[in-house]
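**Student:** Next up, input-v1.tsv (TSV, C-alpha atoms and all ligand atoms).
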chain	number	residue	atom	x	y	z
A	1	MET	CA	70.68	-145.53	18.90
A	2	ILE	CA	73.58	-143.67	20.52
A	3	PHE	CA	71.07	-141.54	22.42
A	4	MET	CA	69.35	-144.69	23.76
A	5	GLU	CA	72.65	-146.13	25.00
A	6	TRP	CA	73.49	-142.96	26.91
A	7	TYR	CA	69.99	-142.83	28.26
A	8	PHE	CA	70.31	-146.33	29.72
A	9	ILE	CA	73.76	-145.60	31.12
A	10	LEU	CA	72.36	-142.51	32.81
A	11	ILE	CA	69.53	-144.51	34.39
A	12	ILE	CA	72.01	-147.13	35.66
A	13	VAL	CA	74.36	-144.47	37.11
A	14	VAL	CA	71.51	-142.60	38.83
A	15	GLY	CA	70.17	-145.93	40.13
A	16	ILE	CA	73.56	-146.86	41.61
A	17	LEU	CA	73.90	-143.41	43.20
A	18	ILE	CA	70.46	-143.73	44.80
A	19	ILE	CA	71.38	-147.17	46.20
A	20	ILE	CA	74.68	-145.78	47.60
A	21	VAL	CA	72.84	-142.89	49.27
A	22	ILE	CA	70.29	-145.28	50.83
A	23	VAL	CA	73.02	-147.65	52.08
A	24	PHE	CA	75.04	-144.81	53.60
A	25	TYR	CA	71.93	-143.32	55.16
A	26	TRP	CA	71.15	-146.61	56.90
A	27	LEU	CA	74.76	-147.15	57.94
A	28	TYR	CA	74.70	-143.67	59.41
A	29	LYS	CA	71.42	-144.32	61.21
A	30	LEU	CA	72.53	-147.69	62.57
A	31	ASN	CA	76.07	-146.94	63.59
A	32	PHE	CA	76.03	-143.33	64.63
A	33	PRO	CA	73.22	-142.86	67.13
A	34	LEU	CA	74.38	-139.38	68.13
A	35	SER	CA	73.16	-137.54	71.18
A	36	PRO	CA	71.18	-134.38	70.43
A	37	THR	CA	72.40	-130.95	71.45
A	38	GLY	CA	71.39	-130.34	75.06
A	39	ASN	CA	72.30	-130.76	78.72
A	40	ILE	CA	73.46	-134.24	79.69
A	41	SER	CA	73.91	-133.36	83.33
A	42	GLU	CA	74.34	-130.29	85.51
A	43	ASN	CA	77.90	-129.79	84.31
A	44	ILE	CA	78.01	-131.41	80.87
A	45	VAL	CA	76.55	-130.09	77.62
A	46	CYS	CA	76.44	-132.14	74.43
A	47	ILE	CA	76.65	-130.51	71.01
A	48	LYS	CA	75.60	-132.40	67.88
A	49	ASN	CA	77.39	-131.24	64.76
A	50	ARG	CA	76.50	-133.30	61.67
A	51	ILE	CA	78.04	-136.75	62.34
A	52	ALA	CA	79.88	-136.07	65.59
A	53	ASN	CA	79.25	-135.10	69.20
A	54	VAL	CA	81.24	-132.44	71.04
A	55	TYR	CA	81.16	-132.18	74.83
A	56	ILE	CA	81.49	-129.15	77.09
A	57	TYR	CA	82.35	-129.57	80.74
A	58	THR	CA	81.82	-126.74	83.21
A	59	LYS	CA	82.86	-126.31	86.83
A	60	GLY	CA	82.02	-122.96	88.37
A	61	THR	CA	83.42	-120.37	85.97
A	62	ASP	CA	85.87	-122.82	84.36
A	63	ARG	CA	85.02	-124.62	81.15
A	64	VAL	CA	86.67	-127.09	78.76
A	65	VAL	CA	85.56	-128.44	75.39
A	66	VAL	CA	86.32	-131.93	74.06
A	67	ASP	CA	86.62	-132.04	70.24
A	68	ALA	CA	85.51	-129.32	67.86
A	69	GLY	CA	82.94	-130.89	65.54
A	70	PHE	CA	82.67	-131.06	61.79
A	71	SER	CA	81.92	-127.53	60.62
A	72	THR	CA	82.31	-123.98	61.87
A	73	LYS	CA	78.84	-122.91	60.77
A	74	GLY	CA	77.09	-125.89	62.37
A	75	MET	CA	79.09	-125.60	65.58
A	76	LYS	CA	78.29	-121.89	65.97
A	77	LYS	CA	74.60	-122.56	65.45
A	78	GLU	CA	74.48	-125.40	68.00
A	79	LEU	CA	76.54	-123.49	70.59
A	80	MET	CA	74.18	-120.54	70.22
A	81	LYS	CA	71.26	-122.81	71.14
A	82	MET	CA	73.03	-123.48	74.45
A	83	ASP	CA	74.05	-119.82	74.98
A	84	ILE	CA	77.74	-120.71	74.71
A	85	ILE	CA	80.03	-118.12	73.12
A	86	PRO	CA	82.98	-119.82	71.38
A	87	GLU	CA	85.31	-116.83	71.87
A	88	LYS	CA	84.94	-117.28	75.63
A	89	ILE	CA	86.22	-120.86	75.54
A	90	THR	CA	89.77	-121.03	76.88
A	91	ASP	CA	90.72	-124.70	76.45
A	92	VAL	CA	89.78	-127.26	73.79
A	93	PHE	CA	90.98	-130.88	74.01
A	94	ILE	CA	91.10	-132.76	70.71
A	95	THR	CA	90.95	-136.56	70.70
A	96	HIS	CA	92.37	-136.82	67.16
A	97	SER	CA	92.69	-134.77	64.02
A	98	ASP	CA	90.03	-136.29	61.73
A	99	PRO	CA	87.83	-133.69	59.97
A	100	ASP	CA	84.73	-134.53	62.03
A	101	HIS	CA	86.69	-133.67	65.20
A	102	ILE	CA	88.60	-130.54	64.15
A	103	GLY	CA	86.43	-129.08	61.37
A	104	GLY	CA	84.93	-126.49	63.71
A	105	LEU	CA	88.18	-125.67	65.50
A	106	SER	CA	88.66	-122.17	64.08
A	107	ILE	CA	85.62	-120.82	65.97
A	108	PHE	CA	87.58	-121.24	69.21
A	109	SER	CA	89.91	-118.48	68.07
A	110	THR	CA	91.26	-117.48	71.48
A	111	ALA	CA	91.56	-120.93	73.06
A	112	GLN	CA	94.53	-123.13	73.86
A	113	ILE	CA	94.14	-126.29	71.78
A	114	TYR	CA	95.47	-129.64	73.02
A	115	PHE	CA	96.36	-132.63	70.83
A	116	GLY	CA	97.96	-135.98	71.57
A	117	LYS	CA	101.73	-135.88	70.99
A	118	ASP	CA	101.80	-137.95	67.79
A	119	SER	CA	98.85	-136.23	66.10
A	120	LYS	CA	99.38	-135.47	62.44
A	121	VAL	CA	98.52	-131.79	62.47
A	122	GLN	CA	100.30	-128.60	61.49
A	123	HIS	CA	101.68	-126.77	64.48
A	124	HIS	CA	100.22	-123.43	65.52
A	125	ASP	CA	101.12	-121.05	68.34
A	126	ASN	CA	98.05	-121.98	70.33
A	127	TYR	CA	98.51	-125.75	69.93
A	128	LYS	CA	99.95	-127.80	72.74
A	129	PHE	CA	100.87	-131.47	72.40
A	130	VAL	CA	100.26	-133.63	75.44
A	131	VAL	CA	101.79	-136.96	76.44
A	132	ASN	CA	100.34	-140.01	78.16
A	133	ASN	CA	99.19	-139.30	81.71
A	134	GLU	CA	99.92	-135.58	81.45
A	135	LEU	CA	97.76	-133.55	83.81
A	136	ILE	CA	96.41	-130.19	82.67
A	137	LEU	CA	94.69	-127.85	85.09
A	138	VAL	CA	92.11	-125.47	83.68
A	139	GLY	CA	91.21	-123.44	86.74
A	140	ALA	CA	89.54	-125.97	89.04
A	141	ILE	CA	89.15	-128.58	86.29
A	142	LYS	CA	91.66	-131.42	86.15
A	143	VAL	CA	92.20	-133.03	82.74
A	144	GLN	CA	94.28	-136.17	82.38
A	145	ALA	CA	95.46	-137.09	78.89
A	146	ILE	CA	95.46	-140.83	78.18
A	147	SER	CA	97.29	-141.84	75.05
A	148	THR	CA	95.08	-144.32	73.15
A	149	PRO	CA	96.58	-144.93	69.68
A	150	GLY	CA	94.87	-147.21	67.18
A	151	HIS	CA	92.16	-145.37	65.31
A	152	ARG	CA	94.82	-142.71	64.72
A	153	LEU	CA	98.39	-142.68	65.99
A	154	GLY	CA	98.02	-139.63	68.24
A	155	HIS	CA	94.51	-140.50	69.45
A	156	THR	CA	94.06	-139.37	73.05
A	157	CYS	CA	91.26	-139.85	75.58
A	158	TYR	CA	90.66	-137.28	78.30
A	159	LEU	CA	89.69	-138.17	81.86
A	160	ILE	CA	88.20	-135.10	83.49
A	161	ASP	CA	88.11	-134.72	87.27
A	162	ASN	CA	88.89	-138.45	87.59
A	163	GLU	CA	85.30	-139.39	86.73
A	164	TYR	CA	84.35	-138.38	83.19
A	165	LEU	CA	86.05	-140.22	80.35
A	166	PHE	CA	85.86	-138.73	76.84
A	167	SER	CA	86.88	-141.45	74.40
A	168	GLY	CA	86.63	-139.90	70.90
A	169	ASP	CA	86.87	-142.67	68.32
A	170	LEU	CA	88.56	-145.28	70.48
A	171	LEU	CA	85.37	-147.24	70.97
A	172	ARG	CA	81.64	-147.20	70.39
A	173	LEU	CA	78.68	-148.15	72.51
A	174	LYS	CA	76.21	-150.73	71.31
A	175	ALA	CA	73.32	-151.80	73.53
A	176	GLY	CA	75.21	-150.40	76.51
A	177	LYS	CA	78.40	-152.36	75.81
A	178	VAL	CA	81.82	-151.20	74.63
A	179	LYS	CA	82.74	-152.29	71.10
A	180	PRO	CA	85.91	-151.31	69.25
A	181	PHE	CA	85.65	-148.42	66.82
A	182	PHE	CA	85.36	-149.60	63.20
A	183	LYS	CA	88.29	-151.68	61.98
A	184	LEU	CA	87.83	-150.50	58.39
A	185	ILE	CA	88.61	-146.89	59.28
A	186	SER	CA	91.21	-147.48	61.97
A	187	ALA	CA	94.93	-147.16	61.28
A	188	ASP	CA	96.08	-149.98	63.57
A	189	PHE	CA	93.28	-152.16	64.91
A	190	ASP	CA	95.44	-154.30	67.25
A	191	GLN	CA	96.77	-151.13	68.84
A	192	LEU	CA	93.19	-149.87	69.20
A	193	LEU	CA	92.17	-153.07	71.04
A	194	GLU	CA	95.18	-152.64	73.33
A	195	SER	CA	94.12	-149.05	74.02
A	196	ILE	CA	90.60	-150.16	74.98
A	197	ARG	CA	92.08	-152.65	77.46
A	198	LYS	CA	94.18	-149.78	78.82
A	199	VAL	CA	91.20	-147.52	79.61
A	200	ALA	CA	89.26	-150.52	80.96
A	201	LYS	CA	91.70	-150.51	83.87
A	202	LEU	CA	90.56	-147.06	84.99
A	203	GLU	CA	88.72	-147.00	88.28
A	204	ASN	CA	85.95	-144.75	89.56
A	205	VAL	CA	84.82	-143.60	86.10
A	206	LYS	CA	81.28	-142.31	86.41
A	207	MET	CA	80.48	-141.55	82.79
A	208	LEU	CA	81.90	-142.59	79.43
A	209	PHE	CA	81.36	-140.41	76.35
A	210	THR	CA	81.90	-141.36	72.70
A	211	ALA	CA	82.04	-139.09	69.68
A	212	HIS	CA	79.47	-140.96	67.60
A	213	THR	CA	77.48	-143.39	69.75
A	214	GLY	CA	76.35	-141.46	72.80
A	215	TYR	CA	77.40	-141.99	76.41
A	216	THR	CA	76.81	-144.24	79.39
A	217	THR	CA	76.61	-143.83	83.16
A	218	GLU	CA	77.50	-147.55	83.54
A	219	PHE	CA	81.19	-147.55	82.67
A	220	ASP	CA	82.18	-150.68	84.60
A	221	ASN	CA	79.31	-152.70	83.22
A	222	ALA	CA	79.88	-151.43	79.67
A	223	ILE	CA	83.60	-152.23	79.61
A	224	ASP	CA	83.72	-155.32	81.85
A	225	LYS	CA	84.72	-157.72	79.04
A	226	TRP	CA	87.85	-155.64	78.38
A	227	LYS	CA	89.18	-155.83	81.93
A	228	ILE	CA	91.82	-158.47	81.28
B	1	ZN	ZN	85.08	-139.43	64.35
Can the structure in the file be given as structure tokens, please?
**Tutor:**
Amino acid sequence: MIFMEWYFILIIVVGILIIIVIVFYWLYKLNFPLSPTGNISENIVCIKNRIANVYIYTKGTDRVVVDAGFSTKGMKKELMKMDIIPEKITDVFITHSDPDHIGGLSIFSTAQIYFGKDSKVQHHDNYKFVVNNELILVGAIKVQAISTPGHRLGHTCYLIDNEYLFSGDLLRLKAGKVKPFFKLISADFDQLLESIRKVAKLENVKMLFTAHTGYTTEFDNAIDKWKI
């Protein structure tokens, strides 16, 4: 009798676990249409590491990385596919310090790492904390930090060479339109909405990149509803 009860409990628990896995799988498929590892354009490479995208921007011999992915092992493997050696990367710009954005950080062992000023992260010698509108020159590459709190307090977008906007988890793209990043996993949703309106004011943006929902070459069209 006792055996039967445990047997039924086990079936129920396994059943619930299977349902949870299926639900999460579909949520993942629906909400996180990641870009595959590969070249997006002449100067931009996309890396897919588990649930997040990392972007690498190159100009001549200069190169910057935006975000560091979820895992060291996965990042190394994907970078190898693109013939990119992590030890040769000099500058990595982090949008925020969630595990899917800094999990692979240690592979960039010789790089300068940039975080938004209010990021909750332990300080290291090679970490630099940037403020809103700060300009960082990496050789010929110009990186502008844009403070965009909401999802996380120190969340920062990076506008590279005035035309390429890397938005981390500020927003997501759905059917070519900008939607806010998920309210459920954002620290301050009203602040996030305000931050979207802030980047919507940017002019001459050619491409917009997200960490989990791909990118668009139609920035103005994608964000037009936020230009208020
Ligand atoms: Zn994320």
**Student:** With the cut-off set at 10 Å and counting only C-alpha atoms and all ligand atoms, tabulate each residue of chain A with an atom at most that distance from an atom of ligand ZN 1 (chain B), showing the nearest atom pair and its distance in Å to one decimal, ordered by chain and increasing number, as a Markdown table.
**Tutor:**
| residue | atom | partner | partner_atom | distance |
| --- | --- | --- | --- | --- |
| A:Phe32 | CA | B:ZN1 | ZN | 9.9 |
| A:Ile51 | CA | B:ZN1 | ZN | 7.8 |
| A:Ala52 | CA | B:ZN1 | ZN | 6.3 |
| A:Asn53 | CA | B:ZN1 | ZN | 8.7 |
| A:Asp67 | CA | B:ZN1 | ZN | 9.6 |
| A:Gly69 | CA | B:ZN1 | ZN | 8.9 |
| A:Phe70 | CA | B:ZN1 | ZN | 9.1 |
| A:Thr95 | CA | B:ZN1 | ZN | 9.1 |
| A:His96 | CA | B:ZN1 | ZN | 8.2 |
| A:Ser97 | CA | B:ZN1 | ZN | 8.9 |
| A:Asp98 | CA | B:ZN1 | ZN | 6.4 |
| A:Pro99 | CA | B:ZN1 | ZN | 7.7 |
| A:Asp100 | CA | B:ZN1 | ZN | 5.4 |
| A:His101 | CA | B:ZN1 | ZN | 6.0 |
| A:Ile102 | CA | B:ZN1 | ZN | 9.6 |
| A:His151 | CA | B:ZN1 | ZN | 9.3 |
| A:Gly168 | CA | B:ZN1 | ZN | 6.7 |
| A:Asp169 | CA | B:ZN1 | ZN | 5.4 |
| A:Leu170 | CA | B:ZN1 | ZN | 9.2 |
| A:Phe181 | CA | B:ZN1 | ZN | 9.3 |
| A:Ile185 | CA | B:ZN1 | ZN | 9.7 |
| A:Thr210 | CA | B:ZN1 | ZN | 9.1 |
| A:Ala211 | CA | B:ZN1 | ZN | 6.1 |
| A:His212 | CA | B:ZN1 | ZN | 6.7 |
**Student:** As a list in words, please: the residues near Ala68 of chain A (cut-off 8 Å, only C-alpha atoms, same-chain neighbours under 6 positions excluded).
**Tutor:**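 My reading of the contact set: Val54, Met75, Val92, Ile94, Asp100, His101, Ile102, Gly103, Gly104 and Leu105 of chain A.
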**Student:** For atom CA of Lys81 of chain A and atom CA of Arg63 of chain A, quote the distance in Å rounded to one decimal.
**Tutor:**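 Those two atoms sit 17.1 Å apart.
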**Student:** In Å, rounded to a single decimal, give me how far atom CA of Lys77 of chain A is from atom CA of Ile47 of chain A.
**Tutor:**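 According to the coordinates, atom CA of Ile47 of chain A and atom CA of Lys77 of chain A are separated by 9.9 Å.
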**Student:** Got a sec: who's within 8 Å of Gly116 of chain A, counting all atoms listed in the file, leaving out chain neighbours fewer than 5 positions off, as a compact mmCIF listing (two decimals) with C-alpha atoms, keeping the file's coordinate frame?
**Tutor:**
# COMPACT_ATOMS: atom_id res chain seq x y z
CA ILE A 94 91.10 -132.76 70.71
CA THR A 95 90.95 -136.56 70.70
CA HIS A 96 92.37 -136.82 67.16
CA PHE A 129 100.87 -131.47 72.40
CA VAL A 130 100.26 -133.63 75.44
CA VAL A 131 101.79 -136.96 76.44
CA ALA A 145 95.46 -137.09 78.89
CA SER A 147 97.29 -141.84 75.05
CA GLY A 154 98.02 -139.63 68.24
CA HIS A 155 94.51 -140.50 69.45
CA THR A 156 94.06 -139.37 73.05
**Student:** Counting only C-alpha atoms, find residues at most 10 Å from (77.0, -129.9, 80.5) (file frame) and give them as a PyMOL selection string.
**Tutor:** chain A and resi 38-47+55-59+63+82
**Student:** Which one of A:Ser119, A:Lys73, A:Leu159, A:Ala111 sits closest to Asn133 of chain A if you count all atoms listed in the file?
**Tutor:**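 Checking each candidate against Asn133 of chain A, we get A:Leu159 as the closest.
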**Student:** Calculated over only C-alpha atoms, which of the candidates A:Arg50, A:Val65, A:Phe209, A:Lys76 has the smallest distance to Arg172 of chain A?
**Tutor:** A:Phe209
**Student:** Can you tell me how far atom CA of Thr148 of chain A sits from atom CA of Lys117 of chain A, in Å to one decimal?
**Tutor:**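 Rounded to one decimal, the two atoms are 11.0 Å apart.
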**Student:** From the options A:Thr110, A:Ser71, A:Trp226, A:Lys48, which residue's atoms come nearest to Lys88 of chain A, counting all atoms listed in the file?
**Tutor:**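 Using all atoms listed in the file, the shortest distance to Lys88 of chain A belongs to A:Thr110.
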**Student:** Which one is closest to Leu135 of chain A: A:Leu153, A:Ile160, A:Leu10, A:Val205? Count all atoms listed in the file.
**Tutor:** A:Ile160
